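To start, the structure under review is shown below, and the notes come after it.
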Amino acid sequence: MWRTTWRSLLAHKLRLALSGLAIVLGVAFVVGTLIFTDTLSKTFNELFESTAADVNVTRAAAFDQGLEGTGTGGTATYVPADLVDEIADVEGVAAVEGSVQAEGVYILDADGEVLDTGGAPGIGVSWDTEESLSPTTLVDGRAATAPDEIMIDTNSAEETGYRVGDTITVLTPGPRVEAELVGTFRFGDEGGLAGASLTAFDMTTAQELLTAPGQFTGIGVGAADGVDPGELADRVAAAVGPDYDVKTASEQAESLSADFSEALQFINIFLLVFAGIALFVGTFIILNTFSMLVAQRTRELALLRALGASRGQVSRSVLGEALVVGIVGSTVGLAAGYGIAAGLRALFGSFGLTLDGSLVLAGDTVLWGYAVGVLVTLVSAYVPARRAARMPPVAAMRDDVVTVQRGLRRRTAVGAVLAAVGLAALVGGTLSDDGGTGASLVGLGALALILGATALSPVLARPFLRSVGALLPRVWGTTGRLAQENAVRNPRRTAATASALMIGLALVSAFSVIGASTNASIDKLIAGSVRAEFVVSSAVGLPFSPDVAEQVGDVDGVASVMPLRWGQAQLDGQTTFLTAVEPDRLARTIELTWVDGSAEGLGGDGVIVDQPTAEGRGWAVGDPVEVLTLDNREQQLTVSGIFESNQVIGSTVISLGTLAGAGGVDQDRFLFVDLDDGVSTADVRPQLDEVLAAYPIVDLKDQTEFQDEQKGQVDQLLLLINAMLVLSVLIAALGIVNTLAMSVIERTREIGLLRAVGLGRAQLRRMVRLEAVVISIYGAVLGLVLGTLFGVALSRSLADQGITELAVPVPRMVVFLLVAAVIGVLAAVGPARRAARLKVLDAIAQT
Amino acid sequence: MTLPGSTSAAPPAARGRSLTKVFGAGDTRVVALDGVDVDFDRGRFTAIMGPSGSGKSTLMHCMAGLDSVTEGQAFIGDVDLSSLDDKALTVLRRDRVGFVFQAFNLLPTLTALENITLPMDIAGRKPDQAWLDRVIDTVGLRERLAHRPTELSGGQQQRVACARALAGRPDIVFADEPTGNLDSRSGADVLDFLRSSVRTMDQTVVMVTHDPNAAGYADRVLFLADGRIVDEMADPTAERVLERLKAFDPADDRSADGGAASRAGVR
């Protein structure tokens, strides 16, 4: 039987290649994702392992902050200088040196613009004099030893074009610093910083700018020859006491990468979800391809049965073909996946996350690639294979092969049940009080609805194509009529082809609805709650010096400036992200809708929270809240107000004073600028721009600009998601090509007849094209309807997360519909040409 | 070669001059038509017969503009087919030629009526309703116009095909073994219809067949062998045709004794 399998493979090269392409794309995406995340992990692990000191001492945090804690530590991270002497006395210590490291140091390029780190931090450090303890290596020039001397990492030097001897400017958490670049250095072995920039100062300057005189953020300890780092760490820990974390280099790398792998996991899952969608869509195409191959070979397969092949042999021969297609597809997919990983690296690189070094192709990745590719192909081919086995031998004797159209009753029943369950879950999720449960309910409902719609789509195809498709004959006459009839002819096939597109477009349009609703909510939120005429901030919420607020405050016409900072603390035993504001100026810059209490108590030991938080924690106005600060001090605050959820200010708000007392960083994230009455924004803008020119890390935005900026972030995310979904749409397009190619082959005689009785080549091409268009529009309409449903349901269920408005971007939906039509036209190019090229006589003579 | 039957005043509906068709080259070179001159007069029912491989189907295909000739000229009316490109040929087939094939004549997605008017629909022309009614009544399918081909018997399907061929009032109808797949009763219906279309509706029909009975319905029979017209017979009867066929060289293993060999050759 293997020989017949093999022959059949060769005979249907093109069609199998098309369905193989679906596998290639799916596998490539899975493999690309795995390679990329492996590479990402490798880069970061190398980064973390670059700590050269055998043992590191840092201030023990009162609680685990996770990665979010980066940059919100402040004085809580300080390590006093006298600890160095204590450690030096510990037995087995060969070297010890304190160091300073903090965020908020940005290098300005020659044009005065901030060196783009793409959201990665700009880090300032002290230059370690003890080489054995330093993760950095001097590459060019010399060490900085004076306040007017500075060093930067080689990556940053390369990007800015600065050379040793240049005078450069950096922004720090304190003042702007202009200094001579005296040296460049490499971080770790390969210099990989994942986009972050490093600036080094001499110790005194670093402490002045980043911490305080006599305060380090960490102490590196070198072990004497023959001393085990683990033992040394134990001894150091005993000497410094419980207020400090003492970790060996490997422990530190481990804990850092553990924190980080959680974040990586997210990227991994995010990407794999799209790979899964692509494979799911691919399943339809493979199923379709094999169904058609089996249908076409009815006589051949029946002949095999008549000649004595068993059912098992027949179905195995079909599955054998699938196996070969799966293996070949996975192999090509593996290679293509490597390309995708390179593409992802470039993509993330353009966002500033630079990954150096080679891509990591792990054995697991190869295994997964094959497992997924082969399995999906076999599963998709299973149904057609079983159908092939059931072929009665007598079918071989029949002159004209009629592909039996099985009833759709069971499908209708299953589909209706699934759709009903899905709808119920959708409605349930929308009505649910709890945003989290609601969203997952909506997700489940969406899945059930998609499956239900897939099952129902052959049933719906006929009425749809009869009604909407009726336009075709009206516009294109007979050609349109023929196209319409062809599309209706095999509703299962049409539906399976359209389903692939349906899924892609359902997701795209769902995200569009959510995106549009989010943007509408942002508009309403900012217009309704930001009273300040201007907002000063960096695009991604990077911290900046309080000097900015001071200088902005000095501008004529500015009534007040309210800074907004971020911090972290444990509130009633739960790590909480905090926003800190100036209580007196809050009311003039941000308008909150109060549910209970007010902002009045905020000045003292008050904390105000939004309604969902209050409900979640069971807090009411007047309740005490136990606070554990990062530097391990306990404190009590009182809930003094509960307001309606407001994304501008966050969920848990304290005063700047309280934050400073809890060891927060003295760096602002946002400034809300309130102008004097009667002063227009145009009046003060030039002066404000002038002041802010010295701080290119921040931008001045009026309300509209602020709205646009916030919406821009949503749009960017949406763009990223849609870019990923393009893959599934691409696979869907392949499916249309496949279906059309096969139906052209199936209808060779019909085409011959049509040509004989006078259908021109152009008309024939149009017929094939219109069929493709009508199928894609069917898929698109199903997808848009479902997607809008999902989007609306999800937006509603997230209402208390800030998506208060509901917006359906109708123009965008129309564009999607047009794009689907274009996809149909493009998919039809090959098959249409093939049909038009058929020689009339050959086509008629074909049996 | 001007044949005795073509001396009428009106120009022929179609004619071929020195038609030569060569397939392949070198060792596989086959001369299917070897300098054939032929006229098909208006209002006449011509049958083309001959052993398989004699070139009868090729002659029909070349005359109908379905295939190109290697040398010589084929005319429909005054139009030289070799001067036309694919587009013009398609239009010519659509507007001036009717076709009936042995099998698979109808589009399964269209009703009988839609199949009948298909060439005119493609052209975007309104059918001549009176003529259409006459054709439909003559084939006797008025009751079944809304049915799809799968709901019709083989004979009915062929009659629909005939109606389609005639519905556009073509200059000439080419029928390629129209009864090849039918039982004798249904075949007779189809042939009756073709003959009456010539006799009462003044149409011109050319039919390729291997069946002496079918040829007996024609006004004239042309006999082909080895790519040449070797004989012709006016007002044939089935018996005379059969006699004539027997006269073909019996030593020739392609000799036409009707039946399977000839039929396979057509397909």
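Residue names in the structure tokens use chain letters A, B, ... in the order shown, residue numbers from 1 in each chain, and ligand numbers from 1 in the order shown.
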
_Within 7 Å of chain B: residues of chain A, using only C-alpha atoms, as a PyMOL selection string_ = chain A and resi 478+485+750+753+756-760+840-841+845

*Write out as JSON, numbers by chain all residues of stretch 13-254 of chain B that DSSP puts in alpha helix (DSSP H) for this structure's backbone.*
{"B": [56, 57, 58, 59, 60, 61, 62, 63, 86, 87, 88, 89, 90, 91, 92, 93, 94, 95, 96, 112, 113, 114, 115, 116, 118, 119, 120, 121, 122, 123, 129, 130, 131, 132, 133, 134, 135, 136, 137, 138, 139, 154, 155, 156, 157, 158, 159, 160, 161, 162, 163, 164, 165, 166, 167, 184, 185, 186, 187, 188, 189, 190, 191, 192, 193, 194, 195, 196, 197, 198, 199, 212, 213, 214, 215, 238, 239, 240, 241, 242, 243, 244, 245, 246]}

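Counting from atom CA of A:Arg769, the distance to atom CA of A:Asn722 is 26.2 Å.
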
_When you look at B:Val198 with a cut-off of 10 Å (counting only C-alpha atoms), what residues show up, excluding the ones that are within fewer than 2 positions of it in the same chain? I need them as a PyMOL selection string._
chain B and resi 42-45+192-196+200-205+218-219

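Straight-line separation from atom CA of B:Arg125 to atom CA of A:Gly824: 29.1 Å.
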
*When you draw a straight line from atom CA of A:Arg812 to atom CA of A:Thr518, how long is it in Å?*
15.3 Å

*Neighbours of A:Leu303 within 7 Å (only C-alpha atoms; same-chain residues fewer than 3 positions away dropped), as a list in words?*
Arg299, Glu300, Ala306, Leu307, Pro393 and Ala396 of chain A

Report as a PDB file with all heavy atoms, in the first residue's frame all protein, DNA and RNA residues lying within 6 Å of B:Ser54, evaluated on only C-alpha atoms, omitting residues in the same chain fewer than 3 positions from it.
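And here's out15.pdb as it stands now:
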ATOM      1  N   GLY B  50     -16.935   6.939 -39.696  1.00  0.00           N
ATOM      2  CA  GLY B  50     -15.626   6.402 -40.042  1.00  0.00           C
ATOM      3  C   GLY B  50     -15.074   5.618 -38.882  1.00  0.00           C
ATOM      4  O   GLY B  50     -15.564   5.740 -37.752  1.00  0.00           O
ATOM      5  N   PRO B  51     -14.099   4.788 -39.163  1.00  0.00           N
ATOM      6  CA  PRO B  51     -13.507   4.008 -38.065  1.00  0.00           C
ATOM      7  C   PRO B  51     -12.833   4.927 -37.055  1.00  0.00           C
ATOM      8  O   PRO B  51     -12.530   6.084 -37.376  1.00  0.00           O
ATOM      9  CB  PRO B  51     -12.471   3.122 -38.756  1.00  0.00           C
ATOM     10  CG  PRO B  51     -12.446   3.510 -40.188  1.00  0.00           C
ATOM     11  CD  PRO B  51     -13.437   4.581 -40.439  1.00  0.00           C
ATOM     12  N   LEU B 224     -15.178   8.929 -43.496  1.00  0.00           N
ATOM     13  CA  LEU B 224     -13.763   9.300 -43.364  1.00  0.00           C
ATOM     14  C   LEU B 224     -12.917   8.059 -43.110  1.00  0.00           C
ATOM     15  O   LEU B 224     -13.370   7.128 -42.426  1.00  0.00           O
ATOM     16  CB  LEU B 224     -13.562  10.259 -42.187  1.00  0.00           C
ATOM     17  CG  LEU B 224     -13.323  11.727 -42.562  1.00  0.00           C
ATOM     18  CD1 LEU B 224     -14.643  12.335 -42.983  1.00  0.00           C
ATOM     19  CD2 LEU B 224     -12.722  12.474 -41.401  1.00  0.00           C
ATOM     20  N   ALA B 225     -11.730   8.073 -43.652  1.00  0.00           N
ATOM     21  CA  ALA B 225     -10.754   7.038 -43.306  1.00  0.00           C
ATOM     22  C   ALA B 225      -9.378   7.645 -43.451  1.00  0.00           C
ATOM     23  O   ALA B 225      -9.111   8.364 -44.425  1.00  0.00           O
ATOM     24  CB  ALA B 225     -10.903   5.823 -44.219  1.00  0.00           C
ATOM     25  N   ASP B 226      -8.551   7.429 -42.475  1.00  0.00           N
ATOM     26  CA  ASP B 226      -7.165   7.921 -42.487  1.00  0.00           C
ATOM     27  C   ASP B 226      -7.078   9.407 -42.820  1.00  0.00           C
ATOM     28  O   ASP B 226      -6.224   9.843 -43.582  1.00  0.00           O
ATOM     29  CB  ASP B 226      -6.329   7.134 -43.496  1.00  0.00           C
ATOM     30  CG  ASP B 226      -6.222   5.681 -43.077  1.00  0.00           C
ATOM     31  OD1 ASP B 226      -6.219   5.444 -41.843  1.00  0.00           O
ATOM     32  OD2 ASP B 226      -6.174   4.812 -43.966  1.00  0.00           O
ATOM     33  N   GLY B 227      -7.999  10.174 -42.274  1.00  0.00           N
ATOM     34  CA  GLY B 227      -7.912  11.616 -42.409  1.00  0.00           C
ATOM     35  C   GLY B 227      -8.417  12.142 -43.735  1.00  0.00           C
ATOM     36  O   GLY B 227      -8.182  13.289 -44.072  1.00  0.00           O
TER      37      GLY B 227
END

_Pick from A:Ala179, A:Gly601, A:Ala660, A:Ser795 nearest to A:Thr638, counting only C-alpha atoms_ = A:Gly601

*Find the residues near A:Asp683: any atom within 10 Å, counting only C-alpha atoms, skip ones fewer than 4 places away on the same chain, and give them as a VMD selection string.*
chain A and resid 556 to 557 679 687 to 688

*asked:* For the structure I just gave you, how does DSSP split stretch 18-237 of chain B - specifically, which residues are strand (DSSP E)? Reply as a PyMOL selection string.
replied: chain B and resi 18-23+30-40+45-49+71-76+79-80+97-100+172-176+205-208+220-225+228-234

File dump, residues just selected, C-alpha atoms, as a PDB file, in the first residue's frame:
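Saved file result02.pdb follows:
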ATOM      1  CA  SER B  18      -7.427  21.658 -47.483  1.00  0.00           C
ATOM      2  CA  LEU B  19      -7.913  21.010 -43.789  1.00  0.00           C
ATOM      3  CA  THR B  20      -4.819  19.334 -42.396  1.00  0.00           C
ATOM      4  CA  LYS B  21      -4.260  18.489 -38.763  1.00  0.00           C
ATOM      5  CA  VAL B  22      -1.057  16.917 -37.533  1.00  0.00           C
ATOM      6  CA  PHE B  23      -0.572  15.777 -33.957  1.00  0.00           C
ATOM      7  CA  VAL B  30      -0.008  11.407 -36.599  1.00  0.00           C
ATOM      8  CA  VAL B  31      -1.840  12.989 -39.488  1.00  0.00           C
ATOM      9  CA  ALA B  32      -5.426  13.196 -38.293  1.00  0.00           C
ATOM     10  CA  LEU B  33      -6.722  15.211 -41.218  1.00  0.00           C
ATOM     11  CA  ASP B  34      -5.063  15.088 -44.576  1.00  0.00           C
ATOM     12  CA  GLY B  35      -6.178  17.940 -46.849  1.00  0.00           C
ATOM     13  CA  VAL B  36      -9.913  17.650 -46.384  1.00  0.00           C
ATOM     14  CA  ASP B  37     -12.247  19.826 -48.465  1.00  0.00           C
ATOM     15  CA  VAL B  38     -15.802  19.823 -47.243  1.00  0.00           C
ATOM     16  CA  ASP B  39     -18.990  21.923 -47.412  1.00  0.00           C
ATOM     17  CA  PHE B  40     -21.860  21.785 -44.970  1.00  0.00           C
ATOM     18  CA  PHE B  45     -28.373  17.237 -41.553  1.00  0.00           C
ATOM     19  CA  THR B  46     -24.939  15.749 -42.202  1.00  0.00           C
ATOM     20  CA  ALA B  47     -23.517  12.695 -40.464  1.00  0.00           C
ATOM     21  CA  ILE B  48     -19.788  11.994 -40.348  1.00  0.00           C
ATOM     22  CA  MET B  49     -18.794   8.377 -40.004  1.00  0.00           C
ATOM     23  CA  GLU B  71      -2.907  23.860 -42.595  1.00  0.00           C
ATOM     24  CA  GLY B  72      -5.891  24.903 -44.624  1.00  0.00           C
ATOM     25  CA  GLN B  73      -8.890  26.977 -43.656  1.00  0.00           C
ATOM     26  CA  ALA B  74     -12.153  26.365 -41.893  1.00  0.00           C
ATOM     27  CA  PHE B  75     -15.040  28.783 -42.427  1.00  0.00           C
ATOM     28  CA  ILE B  76     -18.227  29.354 -40.515  1.00  0.00           C
ATOM     29  CA  VAL B  79     -15.466  33.847 -41.379  1.00  0.00           C
ATOM     30  CA  ASP B  80     -12.066  32.186 -41.616  1.00  0.00           C
ATOM     31  CA  VAL B  97     -22.303  27.628 -33.247  1.00  0.00           C
ATOM     32  CA  GLY B  98     -24.294  25.117 -31.187  1.00  0.00           C
ATOM     33  CA  PHE B  99     -22.761  22.104 -29.475  1.00  0.00           C
ATOM     34  CA  VAL B 100     -24.040  18.758 -28.297  1.00  0.00           C
ATOM     35  CA  ILE B 172     -24.576  25.444 -37.456  1.00  0.00           C
ATOM     36  CA  VAL B 173     -24.910  22.812 -34.744  1.00  0.00           C
ATOM     37  CA  PHE B 174     -22.169  20.274 -34.128  1.00  0.00           C
ATOM     38  CA  ALA B 175     -23.142  17.102 -32.323  1.00  0.00           C
ATOM     39  CA  ASP B 176     -20.431  14.713 -31.179  1.00  0.00           C
ATOM     40  CA  VAL B 205     -26.669  20.054 -38.098  1.00  0.00           C
ATOM     41  CA  VAL B 206     -23.405  18.144 -38.365  1.00  0.00           C
ATOM     42  CA  MET B 207     -23.222  14.960 -36.318  1.00  0.00           C
ATOM     43  CA  VAL B 208     -20.302  12.652 -35.692  1.00  0.00           C
ATOM     44  CA  ARG B 220     -26.145  12.903 -46.108  1.00  0.00           C
ATOM     45  CA  VAL B 221     -23.319  10.798 -44.703  1.00  0.00           C
ATOM     46  CA  LEU B 222     -19.622  11.506 -45.152  1.00  0.00           C
ATOM     47  CA  PHE B 223     -17.246   8.582 -44.660  1.00  0.00           C
ATOM     48  CA  LEU B 224     -13.763   9.300 -43.364  1.00  0.00           C
ATOM     49  CA  ALA B 225     -10.754   7.038 -43.306  1.00  0.00           C
ATOM     50  CA  ARG B 228      -9.617  11.788 -45.801  1.00  0.00           C
ATOM     51  CA  ILE B 229     -13.167  11.830 -47.021  1.00  0.00           C
ATOM     52  CA  VAL B 230     -13.389   8.562 -48.882  1.00  0.00           C
ATOM     53  CA  ASP B 231     -17.066   8.470 -49.726  1.00  0.00           C
ATOM     54  CA  GLU B 232     -20.401  10.068 -49.194  1.00  0.00           C
ATOM     55  CA  MET B 233     -23.972   8.914 -49.338  1.00  0.00           C
ATOM     56  CA  ALA B 234     -27.121  10.967 -49.879  1.00  0.00           C
TER      57      ALA B 234
END

*So which residues touch B:Leu141 within 10 Å, counting only C-alpha atoms, skipping near sequence neighbours fewer than 6 positions away, as a PyMOL selection string?*
chain B and resi 112-113+135+156-157+159-160+163
